[in-house]
Structures are given as C-alpha cells and as structure tokens.
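Printed here is start.pdb (PDB, C-alpha atoms):
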ATOM      1  CA  MET B   1     222.781 212.017  -6.217
ATOM      2  CA  ALA B   2     225.321 209.327  -5.476
ATOM      3  CA  LYS B   3     224.423 209.226  -1.783
ATOM      4  CA  ARG B   4     220.708 209.166  -2.501
ATOM      5  CA  LEU B   5     220.919 206.465  -5.171
ATOM      6  CA  GLY B   6     223.676 204.416  -3.547
ATOM      7  CA  PHE B   7     226.094 204.914  -6.465
ATOM      8  CA  TYR B   8     229.833 205.511  -6.488
ATOM      9  CA  TYR B   9     230.812 209.069  -7.481
ATOM     10  CA  LEU B  10     233.860 210.173  -9.445
ATOM     11  CA  ASP B  11     234.723 213.798 -10.162
ATOM     12  CA  THR B  12     237.063 213.313 -13.122
ATOM     13  CA  GLY B  13     237.979 216.988 -13.045
ATOM     14  CA  ALA B  14     239.703 216.303  -9.723
ATOM     15  CA  ILE B  15     241.986 213.830 -11.499
ATOM     16  CA  TYR B  16     243.061 216.445 -14.054
ATOM     17  CA  ARG B  17     243.501 218.949 -11.256
ATOM     18  CA  THR B  18     245.734 216.496  -9.403
ATOM     19  CA  LEU B  19     247.855 216.068 -12.508
ATOM     20  CA  THR B  20     248.035 219.865 -12.827
ATOM     21  CA  LEU B  21     249.160 220.187  -9.216
ATOM     22  CA  LYS B  22     251.860 217.575  -9.831
ATOM     23  CA  VAL B  23     253.085 219.465 -12.921
ATOM     24  CA  LEU B  24     253.278 222.678 -10.903
ATOM     25  CA  LYS B  25     255.059 220.969  -8.006
ATOM     26  CA  GLU B  26     257.628 219.499 -10.397
ATOM     27  CA  LYS B  27     258.022 222.931 -12.061
ATOM     28  CA  ILE B  28     257.347 221.446 -15.504
ATOM     29  CA  ASP B  29     256.438 223.725 -18.396
ATOM     30  CA  PRO B  30     252.613 223.411 -18.788
ATOM     31  CA  HIS B  31     253.147 223.251 -22.577
ATOM     32  CA  ASN B  32     255.641 220.350 -22.467
ATOM     33  CA  GLU B  33     253.424 217.495 -23.637
ATOM     34  CA  ASP B  34     256.157 214.841 -23.493
ATOM     35  CA  LEU B  35     256.940 215.377 -19.824
ATOM     36  CA  ILE B  36     253.291 215.832 -18.854
ATOM     37  CA  ALA B  37     252.240 212.621 -20.632
ATOM     38  CA  ARG B  38     254.996 210.747 -18.791
ATOM     39  CA  LEU B  39     253.874 212.279 -15.510
ATOM     40  CA  ALA B  40     250.255 211.300 -16.232
ATOM     41  CA  LYS B  41     251.282 207.686 -16.863
ATOM     42  CA  GLU B  42     253.119 207.512 -13.546
ATOM     43  CA  LEU B  43     250.665 209.610 -11.526
ATOM     44  CA  ASN B  44     250.341 208.219  -7.995
ATOM     45  CA  ILE B  45     246.772 209.185  -7.154
ATOM     46  CA  SER B  46     244.315 207.563  -4.779
ATOM     47  CA  ILE B  47     240.778 208.421  -3.756
ATOM     48  CA  LYS B  48     239.550 207.695  -0.238
ATOM     49  CA  GLU B  49     236.263 208.436   1.442
ATOM     50  CA  ASP B  50     235.558 209.666   4.947
ATOM     51  CA  LYS B  51     232.564 211.208   6.688
ATOM     52  CA  GLU B  52     233.167 214.524   4.874
ATOM     53  CA  GLY B  53     233.286 212.959   1.423
ATOM     54  CA  LYS B  54     235.974 211.870  -0.993
ATOM     55  CA  ARG B  55     239.569 212.898  -0.381
ATOM     56  CA  ILE B  56     242.204 213.050  -3.124
ATOM     57  CA  PHE B  57     245.738 211.875  -2.359
ATOM     58  CA  LEU B  58     248.818 212.584  -4.471
ATOM     59  CA  ASP B  59     251.941 210.613  -3.576
ATOM     60  CA  GLY B  60     250.279 209.751  -0.280
ATOM     61  CA  GLU B  61     249.499 213.392   0.605
ATOM     62  CA  ASP B  62     245.956 214.741   0.964
ATOM     63  CA  VAL B  63     245.613 217.410  -1.746
ATOM     64  CA  THR B  64     241.811 217.740  -1.749
ATOM     65  CA  ASP B  65     241.978 221.462  -1.002
ATOM     66  CA  ASP B  66     245.220 222.143  -2.886
ATOM     67  CA  ILE B  67     243.707 221.159  -6.247
ATOM     68  CA  ARG B  68     240.994 223.836  -5.921
ATOM     69  CA  THR B  69     243.277 226.866  -5.704
ATOM     70  CA  PRO B  70     243.287 229.739  -8.253
ATOM     71  CA  LEU B  71     246.746 228.630  -9.454
ATOM     72  CA  VAL B  72     245.483 225.170 -10.381
ATOM     73  CA  ASN B  73     242.367 226.749 -11.923
ATOM     74  CA  LYS B  74     244.632 228.850 -14.133
ATOM     75  CA  TYR B  75     246.563 225.933 -15.601
ATOM     76  CA  VAL B  76     244.243 222.915 -15.526
ATOM     77  CA  SER B  77     242.757 223.469 -19.005
ATOM     78  CA  ILE B  78     246.175 224.122 -20.540
ATOM     79  CA  ILE B  79     247.623 220.929 -19.100
ATOM     80  CA  SER B  80     244.569 218.743 -19.638
ATOM     81  CA  LYS B  81     244.323 219.581 -23.354
ATOM     82  CA  HIS B  82     247.437 217.502 -24.209
ATOM     83  CA  PRO B  83     246.165 214.416 -26.104
ATOM     84  CA  ARG B  84     248.615 211.880 -24.676
ATOM     85  CA  ALA B  85     247.995 213.034 -21.133
ATOM     86  CA  ARG B  86     244.250 212.819 -21.722
ATOM     87  CA  ARG B  87     244.573 209.244 -22.986
ATOM     88  CA  GLU B  88     246.289 208.263 -19.743
ATOM     89  CA  MET B  89     243.602 209.983 -17.693
ATOM     90  CA  VAL B  90     240.774 208.407 -19.702
ATOM     91  CA  ALA B  91     242.292 204.951 -19.180
ATOM     92  CA  LEU B  92     242.364 205.572 -15.426
ATOM     93  CA  GLN B  93     238.756 206.786 -15.397
ATOM     94  CA  ARG B  94     237.563 203.753 -17.365
ATOM     95  CA  GLN B  95     239.435 201.489 -14.990
ATOM     96  CA  ILE B  96     237.579 203.013 -12.049
ATOM     97  CA  ALA B  97     234.249 202.788 -13.909
ATOM     98  CA  SER B  98     234.823 199.095 -14.697
ATOM     99  CA  ARG B  99     234.683 198.104 -11.040
ATOM    100  CA  PRO B 100     231.540 196.262  -9.896
ATOM    101  CA  HIS B 101     229.521 199.298  -8.863
ATOM    102  CA  LYS B 102     227.060 201.736 -10.370
ATOM    103  CA  ILE B 103     228.819 205.026 -10.922
ATOM    104  CA  ILE B 104     228.066 208.690 -11.513
ATOM    105  CA  MET B 105     230.927 210.312 -13.427
ATOM    106  CA  ASP B 106     231.289 214.075 -13.563
ATOM    107  CA  GLY B 107     233.463 215.641 -16.257
ATOM    108  CA  ARG B 108     233.630 217.520 -19.534
ATOM    109  CA  ASP B 109     234.106 214.551 -21.880
ATOM    110  CA  ILE B 110     232.345 211.705 -20.073
ATOM    111  CA  GLY B 111     229.369 211.331 -22.412
ATOM    112  CA  THR B 112     231.428 211.765 -25.578
ATOM    113  CA  VAL B 113     234.732 209.980 -24.862
ATOM    114  CA  VAL B 114     235.082 208.257 -21.493
ATOM    115  CA  MET B 115     231.677 206.562 -21.273
ATOM    116  CA  PRO B 116     229.917 207.085 -24.627
ATOM    117  CA  ASP B 117     227.536 204.199 -23.859
ATOM    118  CA  ALA B 118     226.461 205.500 -20.445
ATOM    119  CA  ASP B 119     222.860 204.720 -19.507
ATOM    120  CA  PHE B 120     222.114 208.361 -18.708
ATOM    121  CA  LYS B 121     223.825 211.519 -19.936
ATOM    122  CA  PHE B 122     223.241 215.002 -18.569
ATOM    123  CA  TYR B 123     224.832 218.238 -19.723
ATOM    124  CA  LEU B 124     224.480 220.717 -16.875
ATOM    125  CA  ASP B 125     225.000 224.353 -17.764
ATOM    126  CA  ALA B 126     224.539 227.819 -16.275
ATOM    127  CA  SER B 127     225.389 231.374 -17.193
ATOM    128  CA  VAL B 128     228.986 232.463 -16.666
ATOM    129  CA  LYS B 129     227.877 234.997 -14.053
ATOM    130  CA  GLU B 130     226.011 232.372 -12.062
ATOM    131  CA  ARG B 131     228.860 229.867 -12.281
ATOM    132  CA  ALA B 132     231.270 232.574 -11.120
ATOM    133  CA  ARG B 133     228.990 233.453  -8.215
ATOM    134  CA  ARG B 134     228.862 229.821  -7.115
ATOM    135  CA  ARG B 135     232.621 229.445  -7.432
ATOM    136  CA  LEU B 136     233.197 232.600  -5.396
ATOM    137  CA  LEU B 137     231.073 231.220  -2.566
ATOM    138  CA  GLU B 138     233.216 228.069  -2.529
ATOM    139  CA  ILE B 139     236.476 230.004  -2.614
ATOM    140  CA  LYS B 140     235.431 232.401   0.166
ATOM    141  CA  GLN B 141     235.154 229.435   2.516
ATOM    142  CA  LYS B 142     238.879 228.839   1.989
ATOM    143  CA  ASP B 143     239.916 232.457   2.667
ATOM    144  CA  ILE B 144     241.321 232.923  -0.842
ATOM    145  CA  ASP B 145     241.402 236.506  -2.098
ATOM    146  CA  VAL B 146     239.839 236.680  -5.559
ATOM    147  CA  THR B 147     237.211 238.858  -7.236
ATOM    148  CA  LEU B 148     234.057 237.865  -9.085
ATOM    149  CA  GLU B 149     235.403 239.477 -12.275
ATOM    150  CA  GLU B 150     238.599 237.409 -12.084
ATOM    151  CA  ILE B 151     236.588 234.213 -11.726
ATOM    152  CA  GLU B 152     234.365 235.146 -14.683
ATOM    153  CA  ARG B 153     237.418 235.688 -16.907
ATOM    154  CA  GLU B 154     238.912 232.407 -15.739
ATOM    155  CA  ILE B 155     235.701 230.484 -16.507
ATOM    156  CA  GLU B 156     235.369 232.051 -19.961
ATOM    157  CA  ASN B 157     238.997 231.252 -20.735
ATOM    158  CA  ARG B 158     238.665 227.654 -19.571
ATOM    159  CA  ASP B 159     235.478 227.154 -21.598
ATOM    160  CA  PHE B 160     237.207 228.487 -24.711
ATOM    161  CA  ILE B 161     240.257 226.241 -24.282
ATOM    162  CA  ASP B 162     238.179 223.148 -23.499
ATOM    163  CA  SER B 163     235.750 223.653 -26.376
ATOM    164  CA  HIS B 164     238.529 224.325 -28.919
ATOM    165  CA  ARG B 165     241.050 221.632 -28.006
ATOM    166  CA  GLU B 166     241.731 219.001 -30.680
ATOM    167  CA  ASP B 167     241.375 215.995 -28.391
ATOM    168  CA  SER B 168     237.909 215.355 -26.874
ATOM    169  CA  PRO B 169     236.635 218.948 -26.943
ATOM    170  CA  LEU B 170     233.817 220.080 -24.708
ATOM    171  CA  VAL B 171     230.542 219.572 -26.622
ATOM    172  CA  VAL B 172     226.964 218.684 -25.796
ATOM    173  CA  PRO B 173     226.467 214.978 -26.633
ATOM    174  CA  PRO B 174     223.534 214.661 -29.050
ATOM    175  CA  ASP B 175     221.925 212.018 -26.821
ATOM    176  CA  ALA B 176     222.360 213.963 -23.557
ATOM    177  CA  ARG B 177     219.728 215.918 -21.685
ATOM    178  CA  TYR B 178     220.708 219.586 -21.641
ATOM    179  CA  ILE B 179     219.706 221.257 -18.366
ATOM    180  CA  ASP B 180     220.205 224.959 -17.682
ATOM    181  CA  THR B 181     220.667 225.235 -13.911
ATOM    182  CA  THR B 182     221.071 229.038 -13.787
ATOM    183  CA  ASN B 183     217.794 229.572 -11.953
ATOM    184  CA  LEU B 184     217.678 226.227 -10.159
ATOM    185  CA  SER B 185     218.870 225.477  -6.645
ATOM    186  CA  PHE B 186     221.273 222.666  -5.825
ATOM    187  CA  ASN B 187     218.469 220.519  -4.392
ATOM    188  CA  GLU B 188     216.195 221.184  -7.363
ATOM    189  CA  VAL B 189     218.868 219.882  -9.742
ATOM    190  CA  VAL B 190     219.526 216.796  -7.616
ATOM    191  CA  ASP B 191     215.799 216.054  -7.331
ATOM    192  CA  MET B 192     215.362 216.416 -11.090
ATOM    193  CA  LEU B 193     218.224 214.111 -12.028
ATOM    194  CA  CYS B 194     217.316 211.469  -9.456
ATOM    195  CA  ARG B 195     213.723 211.509 -10.674
ATOM    196  CA  ILE B 196     214.848 210.926 -14.258
ATOM    197  CA  ILE B 197     217.163 208.070 -13.287
ATOM    198  CA  THR B 198     214.653 206.294 -11.069
ATOM    199  CA  SER B 199     212.000 206.648 -13.777
ATOM    200  CA  GLY B 200     214.225 204.638 -16.104
ATOM    201  CA  ASN B 201     213.637 207.027 -18.994
ATOM    202  CA  LYS B 202     217.008 206.952 -20.741
ATOM    203  CA  LYS B 203     215.975 209.056 -23.723
ATOM    204  CA  GLY B 204     218.207 212.063 -24.232
ATOM    205  CA  GLY B 205     218.266 214.881 -26.744
ATOM    206  CA  ASP B 206     214.702 215.999 -25.950
ATOM    207  CA  THR B 207     214.774 218.274 -22.916
ATOM    208  CA  ALA B 208     211.158 219.381 -22.956
ATOM    209  CA  ASP B 209     210.196 216.967 -20.197
ATOM    210  CA  VAL B 210     212.949 218.040 -17.771
ATOM    211  CA  LEU B 211     213.257 221.812 -18.105
TER     212      LEU B 211
END

As structure tokens, the full file:
Amino acid sequence: MAKRLGFYYLDTGAIYRTLTLKVLKEKIDPHNEDLIARLAKELNISIKEDKEGKRIFLDGEDVTDDIRTPLVNKYVSIISKHPRARREMVALQRQIASRPHKIIMDGRDIGTVVMPDADFKFYLDASVKERARRRLLEIKQKDIDVTLEEIEREIENRDFIDSHREDSPLVVPPDARYIDTTNLSFNEVVDMLCRIITSGNKKGGDTADVL
C-alpha cells in the first residue's frame, strides 16, 4: 500500500519487538516494569530503508531478522503490556507520524490510542488457523523449527494478553472498517484498501461496502 500510494510505512509492532529484544539481551525480567520503562525511554532504535525494504537497527546493529524469532514472539506481549513502556513507545510513534509525510501505521492500538484522529482506520482480521499458516510460511524461510500447533497457541496467547491488558487493549475502533482477510489473498487486501483510500470515503463502522 505504501509503495503504491507513495506513503511512508511504519510497523509499530517492530518497535515493540525491538524493545523486547533489548530486554532479552540485557537479561531483564520481562515483568520488571521499572527497568523496562527506563529501557524504553533510552531505546536506541533507527529505521533505514534499502531496496529490500525497511531495516530495523538497535544500538547500530541490524536486528530486522532477530526481532521475528520465536523467542521474541513469546515475550513481546508480556513486555509491551507495561503502561509506562507503552507511553514511551507511543511518544516515539507519534514523533515519527508528525514528520511531513503521509503515513500508514500498522499496529494493535493505532486507531484507538496512537492516532485516534487518523483519516482512515482498518481493522484487519483472520482466523487463528489462517494467521498461523501465514506465520509458518514466513518462519520456514528463516529455517526456524516450529510447528503449526505451536504458532496457533502463541497467537491465541498473544491475542488474550493484548485484549486484556489495562493500558490500550486490543479492540476494534468503532469508526474503523473491519475486514476479515481469511479468504482473501495479499493482493486482494492491498487492492481493497488502496481503492478505499483513493476513493476518499473515510466512513468507518459500516463494512458492507468493503467485504
């Protein structure tokens, strides 16, 4: 979408994953909110773009692949649920969004907390089985040994933690377009969203015209 529309793209989940990787590297207890909040405030993260896409750097080191490992998957929701750490991350995301560019932000609290006044809001969903299948295809490309059942349990656990956390829980914004992508291809989803944006129809909440 970003390439087609000429927008900047930010995967905010990658920022939380980078924080999680830093916590693990520093061997900090994932439940220690004080230390994690301090780490979030001082997080040295940068995002650079090359011909393959955006690369994430932590303390000057490319960690684009490291933040997608099963170990990070296991702890990212636990670490990212800490309110003070989230406030630091939200401030960083808003700072990036405030730059003079149109931006597509991808994350679990964008439409409710980070950018509640966004021009367009989409809530993309799919069945757990389909999301696990997609994740497994990604992981197989990195030669990581994991089963489909393990990924399903991980996704269900993360959804539960994210939707039950006190600070900015995962919910469907009332003014967002809810789109079930279970039976849609990648290109079909991109085409649909681009069509809605270029049409200028900002109305959310009523999904009849997009499903």

Work out where the centre of an axis-aligned box around every listed atom of segment 88-102 of chain B lies and how long its edges are once 3 Å is added on each side; give both in Å to one decimal as AutoDock Vina command-line options.
--center_x 236.7 --center_y 203.1 --center_z -14.3 --size_x 25.2 --size_y 19.7 --size_z 16.9

**Message:** So that I can check the surroundings of Lys102 of chain B, please list as a ChimeraX atom specification every protein, DNA and RNA residue that reaches within 12 Å of it, counting only C-alpha atoms and ignoring chain neighbours fewer than 6 positions away.
**Reply:** /B:1-3,5-10,96,118-120

Worksheet entry | Point (227.1, 211.4, -26.1), cut-off 10 Å, counting all atoms listed in the file, residues as number ranges by chain | B: 109-118, 120-123, 171-177, 204-205

- Message: Assuming the chain letters and numbering stay as they are in my file, what does the PyMOL selection byres ((chain B and resi 180) around 6) actually select? List them as an NGL selection string.
- Response: :B and (125-126 or 179 or 181-182)

- All residues 10 Å or closer to Arg84 of chain B, only C-alpha atoms, same chain fewer than 4 positions away omitted, as an MDAnalysis selection string: chainID B and resid 33:34 36:38 40:41 80 88:90 167

Would you fill the gaps in segment 3-29 of chain B so it has N, CA and C atoms, then print it as a compact mmCIF listing (two decimals), keeping the file's coordinate frame?
# COMPACT_ATOMS: atom_id res chain seq x y z
N LYS B 3 224.85 209.66 -3.12
CA LYS B 3 224.42 209.23 -1.78
C LYS B 3 222.98 208.76 -1.79
N ARG B 4 222.12 209.50 -2.50
CA ARG B 4 220.71 209.17 -2.50
C ARG B 4 220.44 207.86 -3.24
N LEU B 5 221.16 207.64 -4.33
CA LEU B 5 220.92 206.46 -5.17
C LEU B 5 221.80 205.27 -4.81
N GLY B 6 222.79 205.51 -3.93
CA GLY B 6 223.68 204.42 -3.55
C GLY B 6 224.72 204.10 -4.60
N PHE B 7 225.10 205.09 -5.40
CA PHE B 7 226.09 204.91 -6.46
C PHE B 7 227.46 205.41 -5.99
N TYR B 8 228.49 204.97 -6.70
CA TYR B 8 229.83 205.51 -6.49
C TYR B 8 229.92 206.81 -7.29
N TYR B 9 230.68 207.79 -6.79
CA TYR B 9 230.81 209.07 -7.48
C TYR B 9 232.27 209.36 -7.81
N LEU B 10 232.51 209.79 -9.04
CA LEU B 10 233.86 210.17 -9.44
C LEU B 10 233.82 211.52 -10.14
N ASP B 11 234.53 212.48 -9.55
CA ASP B 11 234.72 213.80 -10.16
C ASP B 11 236.00 213.71 -10.99
N THR B 12 235.87 213.51 -12.29
CA THR B 12 237.06 213.31 -13.12
C THR B 12 237.88 214.59 -13.24
N GLY B 13 237.24 215.74 -13.03
CA GLY B 13 237.98 216.99 -13.04
C GLY B 13 239.03 217.01 -11.95
N ALA B 14 238.74 216.35 -10.83
CA ALA B 14 239.70 216.30 -9.72
C ALA B 14 240.97 215.56 -10.14
N ILE B 15 240.82 214.59 -11.03
CA ILE B 15 241.99 213.83 -11.50
C ILE B 15 242.88 214.73 -12.35
N TYR B 16 242.27 215.51 -13.24
CA TYR B 16 243.06 216.44 -14.05
C TYR B 16 243.68 217.54 -13.18
N ARG B 17 242.96 217.94 -12.16
CA ARG B 17 243.50 218.95 -11.26
C ARG B 17 244.70 218.39 -10.47
N THR B 18 244.62 217.11 -10.12
CA THR B 18 245.73 216.50 -9.40
C THR B 18 246.96 216.41 -10.30
N LEU B 19 246.75 216.07 -11.56
CA LEU B 19 247.86 216.07 -12.51
C LEU B 19 248.44 217.47 -12.64
N THR B 20 247.57 218.47 -12.72
CA THR B 20 248.04 219.86 -12.83
C THR B 20 248.87 220.25 -11.61
N LEU B 21 248.40 219.88 -10.43
CA LEU B 21 249.16 220.19 -9.22
C LEU B 21 250.54 219.52 -9.25
N LYS B 22 250.59 218.28 -9.73
CA LYS B 22 251.86 217.58 -9.83
C LYS B 22 252.80 218.28 -10.80
N VAL B 23 252.28 218.73 -11.93
CA VAL B 23 253.08 219.46 -12.92
C VAL B 23 253.66 220.74 -12.29
N LEU B 24 252.83 221.45 -11.55
CA LEU B 24 253.28 222.68 -10.90
C LEU B 24 254.32 222.39 -9.81
N LYS B 25 254.11 221.33 -9.06
CA LYS B 25 255.06 220.97 -8.01
C LYS B 25 256.42 220.61 -8.60
N GLU B 26 256.39 219.94 -9.75
CA GLU B 26 257.63 219.50 -10.40
C GLU B 26 258.25 220.62 -11.24
N LYS B 27 257.55 221.77 -11.29
CA LYS B 27 258.02 222.93 -12.06
C LYS B 27 258.25 222.59 -13.54
N ILE B 28 257.30 221.83 -14.10
CA ILE B 28 257.35 221.45 -15.50
C ILE B 28 256.59 222.48 -16.33
N ASP B 29 257.09 222.79 -17.48
CA ASP B 29 256.44 223.72 -18.40
C ASP B 29 255.05 223.17 -18.75
